[in-house]
Every structure is written in structure tokens, then in C-alpha cells.
Amino acid sequence: MTMVRAWLVVACMVAPAPAAGQTASEVPVPAPANIVWGDGAFTVTPTTSVVIQVADSIAAGRLTRMAVEIFRQAAGIHIAVSSVPGDTGSVVLALTESGTAESYRLRVTEAGVVVTAPDPAGLFYGLQTLGQLLAPAEDGTATIPSLTVVDKPRFGYRGMHLDVGRHVFPVAFIKRYIDLLARYKFNTFHWHLTEDQGWRIEIERYPRLTDVGSCRAETMVEKNFDPYVGDGKPYCGFYTQDEVRDIVSYAADRFVTIVPEIEMPGHSLAALAAYPELACTPGPFDVGTRWGVFEDIYCPSETTFDFLENVLAEVLDLFPSRFIHIGGDEAPKRRWRESEAAQAVIRREGLADEHELQSYFIQRIERFLNANGRRLIGWDEILE
């Protein structure tokens with residue numbers, strides 16, 4: 001939770017100063033591209049309805065669920081959702097042909113609220129701005145200050161990363177993390193699922209990945225590398241495929257795309273502990289208990305490529321994201337230099353050295369992902 005709190009502190013630090021006559025709590029975060037404050041306010045009561053004018057049933061369903069949740073959480077009001085405006089003022093969400101992707105226009109007067117956007121994501125971000133502006137009252141109502149907001153994102157990709165390989169978090173925490181991403185209009189969650197210190201996603205074809213790879217014997221205490229100090233406590237955990245599907249659906253409701261990361265060829269010790277035949281040396285291997293980088297990595301064999309393609313096939317079935325992250329960082333080359341199998345691949349493919357062998361490794365995986373309609377991304381080492 002410390003990491004999340006630190007991130008929110010940064011968000012508050014970069015928020016703009018409030019305009020004259022406005023309190024800090026009334027200024028949305030992140031700052032809208034343009035905001036003009038008016039006079040008066042719209043009062044939300046238990047009879048106020050949210051009117052969602054979106055033809056697509058899936059998008060309308062998402063906006064309905066989120067509208068109910070936002071008004072309940074921000075003001076304690078269980079608001080009704082309708083397709084037609086009510087008699088006492090409504091909050092209207094409607095699609096328009098003008099504007100850029102994820103942009104929205106929010107207009108609040110004493111008579112009602114109108115949010116327009118060219119796509120459902122923009123309507124959702126307008127709802128999030130409303131949620132920050134709601135001021136609950138003791139009589140069970142809430143007010144929204146009169147204003148006009150015209151907003152659009154500065155960046156198309158707005159993401160946060162969470163490493164659950166080294167430290168696993170419960171599903172409830174993951175959902176809370178996604179809630180915060182959505183609140184502050186992030187649209188991407190980079191979910192780091194595998195590491196030397198733990199494999200955290202169920203792969204049905206390879207049960208030992210979680211039977212063995214999800215548990216380490218202990219965890220290094222702070223940075224006690226030399227002499228090594230461990231805490232003596234087994235550390236285990238992973239997400240079932242049903243849990244992953246639930247989290248992916250939860251994020252989609254909040255217009256957050258999850259990009260999974262499956263590390264390769266390095267940071268793979270947990271997988272090698274489960275399936276040592278994937279390494280260039282015979283093992284056995286233990287799930288990492290130390291931090292840092294380990295010499296043993298996936299061997300560039302056909303056995304390894306078959307394994308990784310099978311793993312990724314299940315990952316693709318769980319995650320509809322355009323991008324799949326494969327890590328690609330911090331892969332020591334010592335085992336490849338000493339491996340006749342790896343050297344044979346270098347000779348066969350006409351490669352110059354082990355660095356080109358890593359490029360070959362990454363390109364093999366990229367071809368598989370491209371053939372399945374996805375795009376590969378990774379850490380900067382994949383460009384070397």
C-alpha cells in the first residue's frame with residue numbers, strides 16, 4: 001500500500017492550484033485541459049437519474065455499473081439509471097461525433113449535468129471527473145459546482161506497473177489498484193506476472209509452474225546479500241485463471257486494459273525450478289530467494305520455444321490486450337556461452353554472438369505473437 005500512497009502524493013503535488021473562489025478539493029486530478037467555473041451548483045438527490053444514451057449494449061452496461069458505483073462511493077447516493085431524462089434534472093451521458101479519442105465535454109448547471117464524448121471511454125472519464133466534484137451533504141443529497149470542462153488526454157498510453165512476481169498481492173488489492181488507475185484516468189495496467197522469485201499465473205498445461213514455481217523457501221531480508229540473510233518463511237501465491245478473468249473483466253469495466261508480462265529469456269528461475277529441462281544446464285533449480293539477477297535463464301531450444309508458445313497461448317486466451325510484454329531484460333549470457341545447444345543455434349542461424357542469439361529468441365516469440373494478432377513489447381534491452 002505504501003507504493004500506492006506515494007503515487008497519490010505525487011499526483012497531488014502535480015495538481016494545479018485551485019482557481020480563485022475554489023477549494024483544492026474541487027479541482028479534479030489530473031487537471032482538465034480546460035475548465036471554466038460558473039455560479040451555483042446542481043443538486044443530486046435520491047430521485048436524480050443518470051441517463052445513458054449509448055446504443056452499444058456492452059458499453060452501456062459498463063457505464064451503468066460505473067455510474068452507480070461512482071455516485072455511491074463519492075456521495076452515498078444510490079442513483080437510478082435510465083434511458084430518458086427525468087423531470088427533476090438528470091445526469092446525461094451521450095455520444096457525439098465531435099472530439100478526439102477519450103476526450104469529453106462536461107457541462108454542469110443548476111438544471112442538470114451533460115457529459116458528451118466521441119466514445120464510451122470519454123464518457124467514463126467525464127463520470128470520473130464528476131465523482132471528484134461531488135460534495136455530499138448531511139441530508140442525503142450532494143452538489144456539483146457549475147462549470148464547463150473540455151478535456152482530452154495528453155498521452156494515448158497512460159499506464160502503471162505492478163510487480164507481483166516478487167511480492168504477490170491479493171485480488172482485492174489488485175482491484176483497488178485498478179480503481180485508482182481509473183479514478184485518475186490511466187488506461188493501462190502493466191501486470192508483471194512472472195519472476196525469478198515466483199510464477200504467479202495458472203497455466204493449465206504446465207501445473208508445476210504454480211505447484212512449484214509459485215513458492216519460494218524464504219525471502220532475503222532487505223539487502224543482506226553478503227552475508228545472505230533470509231527470513232526463514234515460505235512465500236507462496238498465484239492467481240487462478242478464473243481470478244485472472246475476473247480481474248480482466250473488472251478492469252475492462254473501468255476502461256483499463258491489462259498488459260500481462262511473462263518474462264523471458266531471463267528472470268525465469270521460478271519456471272526452471274518447475275521444469276529444469278528448459279535450462280541449458282541440468283539443474284536442479286530453486287525458486288529465487290534473493291533479489292538481483294541470476295545466471296540460469298531459458299535455453300534457446302525447440303523445447304523451450306514450444307513451452308513458451310503453449311504458455312502464451314493460454315495467456316492470450318485470458319488477456320485481450322493488443323500488446324503482450326515479454327520482459328527481455330537482464331539476461332546474462334554465461335550459460336549460453338557454455339552451452340553446446342545454444343552455440344549450435346548460433347552456428348545454425350549464422351548469428352555473431354550470444355547478444356544476437358537473444359535477438360533471435362525475441363524475434364521467434366514476436367513471430368508467434370504476430371501470427372496470433374498481437375504485438376510484442378518489452379524492456380529496452382530487446383532493442384540491443
# chains A, B, ... in the order shown; residues from 1 in each chain; ligands from 1

call {"tool": "select_by_dssp", "arguments": {"residues": "region 109-335 of chain A", "states": "helix (DSSP H, G or I)", "output": "PyMOL selection string"}}
result
chain A and resi 120-133+171-183+208-211+241-253+269-274+276-278+302-318+334-335

call {"tool": "select_by_dssp", "arguments": {"residues": "region 28-137 of chain A", "states": "strand (DSSP E or B)", "output": "MDAnalysis selection string"}}
result
chainID A and resid 34:44 49:53 80:82 90:95 104:109 112:117 135:136

call {"tool": "write_last_selection", "arguments": {"atoms": "C-alpha atoms", "output": "mmCIF file, in the first residue's frame"}}
result
data_model
loop_
_atom_site.group_PDB
_atom_site.id
_atom_site.type_symbol
_atom_site.label_atom_id
_atom_site.label_comp_id
_atom_site.auth_asym_id
_atom_site.auth_seq_id
_atom_site.Cartn_x
_atom_site.Cartn_y
_atom_site.Cartn_z
ATOM 1 C CA ASN A 34 -9.816 23.464 -19.945
ATOM 2 C CA ILE A 35 -12.130 24.277 -17.054
ATOM 3 C CA VAL A 36 -14.396 27.304 -16.569
ATOM 4 C CA TRP A 37 -16.161 27.671 -13.232
ATOM 5 C CA GLY A 38 -19.716 29.002 -13.128
ATOM 6 C CA ASP A 39 -22.110 30.171 -10.432
ATOM 7 C CA GLY A 40 -24.345 27.914 -8.407
ATOM 8 C CA ALA A 41 -24.470 24.130 -8.345
ATOM 9 C CA PHE A 42 -26.540 21.141 -9.384
ATOM 10 C CA THR A 43 -28.067 19.169 -6.525
ATOM 11 C CA VAL A 44 -28.091 15.393 -6.781
ATOM 12 C CA SER A 49 -31.309 9.714 -12.588
ATOM 13 C CA VAL A 50 -28.323 9.049 -14.809
ATOM 14 C CA VAL A 51 -29.404 8.883 -18.440
ATOM 15 C CA ILE A 52 -27.096 6.802 -20.636
ATOM 16 C CA GLN A 53 -27.632 7.375 -24.337
ATOM 17 C CA ALA A 80 -31.179 5.300 -10.726
ATOM 18 C CA VAL A 81 -30.136 4.717 -14.332
ATOM 19 C CA SER A 82 -32.497 5.405 -17.220
ATOM 20 C CA SER A 90 -30.643 14.431 -14.741
ATOM 21 C CA VAL A 91 -27.049 13.482 -15.408
ATOM 22 C CA VAL A 92 -26.985 12.751 -19.139
ATOM 23 C CA LEU A 93 -24.210 10.778 -20.836
ATOM 24 C CA ALA A 94 -24.401 10.948 -24.626
ATOM 25 C CA LEU A 95 -22.146 10.116 -27.537
ATOM 26 C CA TYR A 104 -15.119 14.534 -23.207
ATOM 27 C CA ARG A 105 -17.098 17.692 -22.518
ATOM 28 C CA LEU A 106 -18.781 18.172 -19.148
ATOM 29 C CA ARG A 107 -21.374 20.881 -18.562
ATOM 30 C CA VAL A 108 -22.889 21.397 -15.095
ATOM 31 C CA THR A 109 -25.659 23.931 -14.449
ATOM 32 C CA GLY A 112 -28.604 19.353 -14.743
ATOM 33 C CA VAL A 113 -25.428 17.714 -15.998
ATOM 34 C CA VAL A 114 -24.492 16.729 -19.539
ATOM 35 C CA VAL A 115 -21.412 14.703 -20.483
ATOM 36 C CA THR A 116 -20.685 14.213 -24.172
ATOM 37 C CA ALA A 117 -17.845 12.282 -25.785
ATOM 38 C CA ALA A 135 -19.796 17.114 -2.421
ATOM 39 C CA PRO A 136 -22.106 15.032 -0.178
#

call {"tool": "residues_around", "arguments": {"residues": "region 182-188 of chain A", "least_positions_apart": "3", "cutoff": "8 Å", "atoms": "only C-alpha atoms", "output": "PyMOL selection string"}}
result
chain A and resi 29-30+125+128+157-160+178-179+254-259

call {"tool": "closest_residue", "arguments": {"among": "A:Ser321, A:Ala111, A:Phe173, A:Gly140", "to": "Ile79 (chain A)", "atoms": "only C-alpha atoms"}}
result
A:Gly140

call {"tool": "residues_around", "arguments": {"residues": "Ile58 (chain A)", "least_positions_apart": "2", "cutoff": "12 Å", "atoms": "only C-alpha atoms", "output": "list in words"}}
result
Val54, Ala55, Asp56, Ala60, Gly61, Arg62, Leu63, Thr64, Arg65, Pro120, Ser249, Ala252, Asp253 and Phe255 of chain A

call {"tool": "write_last_selection", "arguments": {"atoms": "C-alpha atoms", "output": "PDB file, in the first residue's frame"}}
result
ATOM      1  CA  VAL A  54     -25.278   4.748 -25.761  1.00  0.00           C
ATOM      2  CA  ALA A  55     -26.506   2.188 -28.283  1.00  0.00           C
ATOM      3  CA  ASP A  56     -23.789  -0.418 -27.715  1.00  0.00           C
ATOM      4  CA  ALA A  60     -23.893   0.964 -21.872  1.00  0.00           C
ATOM      5  CA  GLY A  61     -23.693  -1.817 -19.302  1.00  0.00           C
ATOM      6  CA  ARG A  62     -20.206  -0.763 -18.244  1.00  0.00           C
ATOM      7  CA  LEU A  63     -21.227   2.873 -17.918  1.00  0.00           C
ATOM      8  CA  THR A  64     -24.330   1.901 -15.957  1.00  0.00           C
ATOM      9  CA  ARG A  65     -22.319  -0.127 -13.442  1.00  0.00           C
ATOM     10  CA  PRO A 120     -17.642   5.397 -24.195  1.00  0.00           C
ATOM     11  CA  SER A 249     -13.320  -8.041 -16.714  1.00  0.00           C
ATOM     12  CA  ALA A 252     -12.466  -3.544 -18.729  1.00  0.00           C
ATOM     13  CA  ASP A 253     -15.496  -2.144 -16.891  1.00  0.00           C
ATOM     14  CA  PHE A 255     -11.751   1.164 -19.390  1.00  0.00           C
TER      15      PHE A 255
END

call {"tool": "residues_around", "arguments": {"residues": "Pro28 (chain A)", "least_positions_apart": "2", "cutoff": "7 Å", "atoms": "only C-alpha atoms", "output": "ChimeraX atom specification"}}
result
/A:26,30-31,129,132-133

call {"tool": "write_last_selection", "arguments": {"atoms": "C-alpha atoms", "output": "tab-separated table (two decimals), in the first residue's frame"}}
result
chain	number	residue	atom	x	y	z
A	26	GLU	CA	-13.00	20.93	-6.06
A	30	PRO	CA	-5.47	15.23	-13.32
A	31	ALA	CA	-6.16	18.82	-14.30
A	129	THR	CA	-14.40	13.93	-13.05
A	132	GLN	CA	-14.26	14.01	-7.78
A	133	LEU	CA	-16.53	17.06	-7.86

call {"tool": "closest_residue", "arguments": {"among": "A:Arg364, A:Arg154, A:Arg208, A:Arg335", "to": "Pro282 (chain A)", "atoms": "only C-alpha atoms"}}
result
A:Arg335

call {"tool": "closest_residue", "arguments": {"among": "A:Val311, A:Ile201, A:Ala33, A:Ile174", "to": "His161 (chain A)", "atoms": "only C-alpha atoms"}}
result
A:Ile174

call {"tool": "atom_distance", "arguments": {"atom1": "CA of Trp336 (chain A)", "atom2": "CA of Leu278 (chain A)"}}
result
12.5 Å

call {"tool": "residues_around", "arguments": {"residues": "Tyr298 (chain A)", "least_positions_apart": "5", "cutoff": "9 Å", "atoms": "only C-alpha atoms", "output": "NGL selection string"}}
result
:A and (264-269 or 271-272 or 278-280 or 304)

call {"tool": "write_last_selection", "arguments": {"atoms": "C-alpha atoms", "output": "compact mmCIF listing (two decimals), in the first residue's frame"}}
result
# COMPACT_ATOMS: atom_id res chain seq x y z
CA MET A 264 11.93 -14.30 -20.99
CA PRO A 265 14.66 -15.35 -21.53
CA GLY A 266 15.91 -14.07 -18.18
CA HIS A 267 14.13 -13.70 -14.85
CA SER A 268 12.89 -17.25 -15.40
CA LEU A 269 14.30 -19.14 -12.40
CA ALA A 271 9.91 -21.63 -14.28
CA LEU A 272 13.23 -23.52 -14.37
CA LEU A 278 14.11 -25.66 -20.16
CA ALA A 279 17.58 -24.59 -18.96
CA CYS A 280 20.97 -25.03 -20.62
CA THR A 304 11.78 -24.00 -24.71

call {"tool": "closest_residue", "arguments": {"among": "A:Val248, A:Ile77, A:Leu123, A:Val287", "to": "Pro234 (chain A)", "atoms": "only C-alpha atoms"}}
result
A:Val287

call {"tool": "residues_around", "arguments": {"residues": "Leu369 (chain A)", "least_positions_apart": "4", "cutoff": "10 Å", "atoms": "only C-alpha atoms", "output": "CSV table (one decimal) with N, CA and C atoms, in the first residue's frame"}}
result
chain,number,residue,atom,x,y,z
A,309,GLU,N,5.4,-20.9,-26.3
A,309,GLU,CA,4.3,-20.7,-27.1
A,309,GLU,C,3.0,-21.3,-26.5
A,312,LEU,N,2.1,-18.9,-23.7
A,312,LEU,CA,1.5,-17.6,-24.3
A,312,LEU,C,0.1,-17.9,-24.9
A,313,ALA,N,-0.1,-19.1,-25.4
A,313,ALA,CA,-1.4,-19.4,-26.0
A,313,ALA,C,-2.5,-19.3,-24.9
A,316,LEU,N,-2.8,-15.5,-24.0
A,316,LEU,CA,-3.6,-14.8,-25.0
A,316,LEU,C,-5.1,-15.0,-24.8
A,322,ARG,N,-3.9,-5.7,-26.9
A,322,ARG,CA,-3.1,-5.7,-28.2
A,322,ARG,C,-1.7,-6.1,-27.9
A,323,PHE,N,-1.1,-5.6,-26.8
A,323,PHE,CA,0.3,-5.8,-26.5
A,323,PHE,C,0.5,-6.9,-25.5
A,324,ILE,N,1.5,-7.7,-25.7
A,324,ILE,CA,2.0,-8.7,-24.7
A,324,ILE,C,3.4,-8.4,-24.3
A,363,GLN,N,12.7,-12.5,-31.5
A,363,GLN,CA,12.1,-12.5,-32.8
A,363,GLN,C,11.2,-13.7,-33.0
A,364,ARG,N,11.7,-14.9,-32.5
A,364,ARG,CA,10.9,-16.1,-32.5
A,364,ARG,C,9.5,-15.9,-31.8
A,365,ILE,N,9.6,-15.3,-30.6
A,365,ILE,CA,8.4,-15.1,-29.8
A,365,ILE,C,7.5,-14.0,-30.5
A,373,GLY,N,-2.2,-12.2,-33.9
A,373,GLY,CA,-2.8,-10.9,-33.9
A,373,GLY,C,-2.4,-10.0,-32.7
A,374,ARG,N,-1.3,-10.3,-32.1
A,374,ARG,CA,-0.8,-9.4,-31.0
A,374,ARG,C,0.5,-8.8,-31.4
A,375,ARG,N,0.9,-7.8,-30.5
A,375,ARG,CA,2.2,-7.2,-30.7
A,375,ARG,C,3.1,-7.3,-29.5
A,376,LEU,N,4.4,-7.5,-29.7
A,376,LEU,CA,5.3,-7.7,-28.6
A,376,LEU,C,5.8,-6.4,-28.1
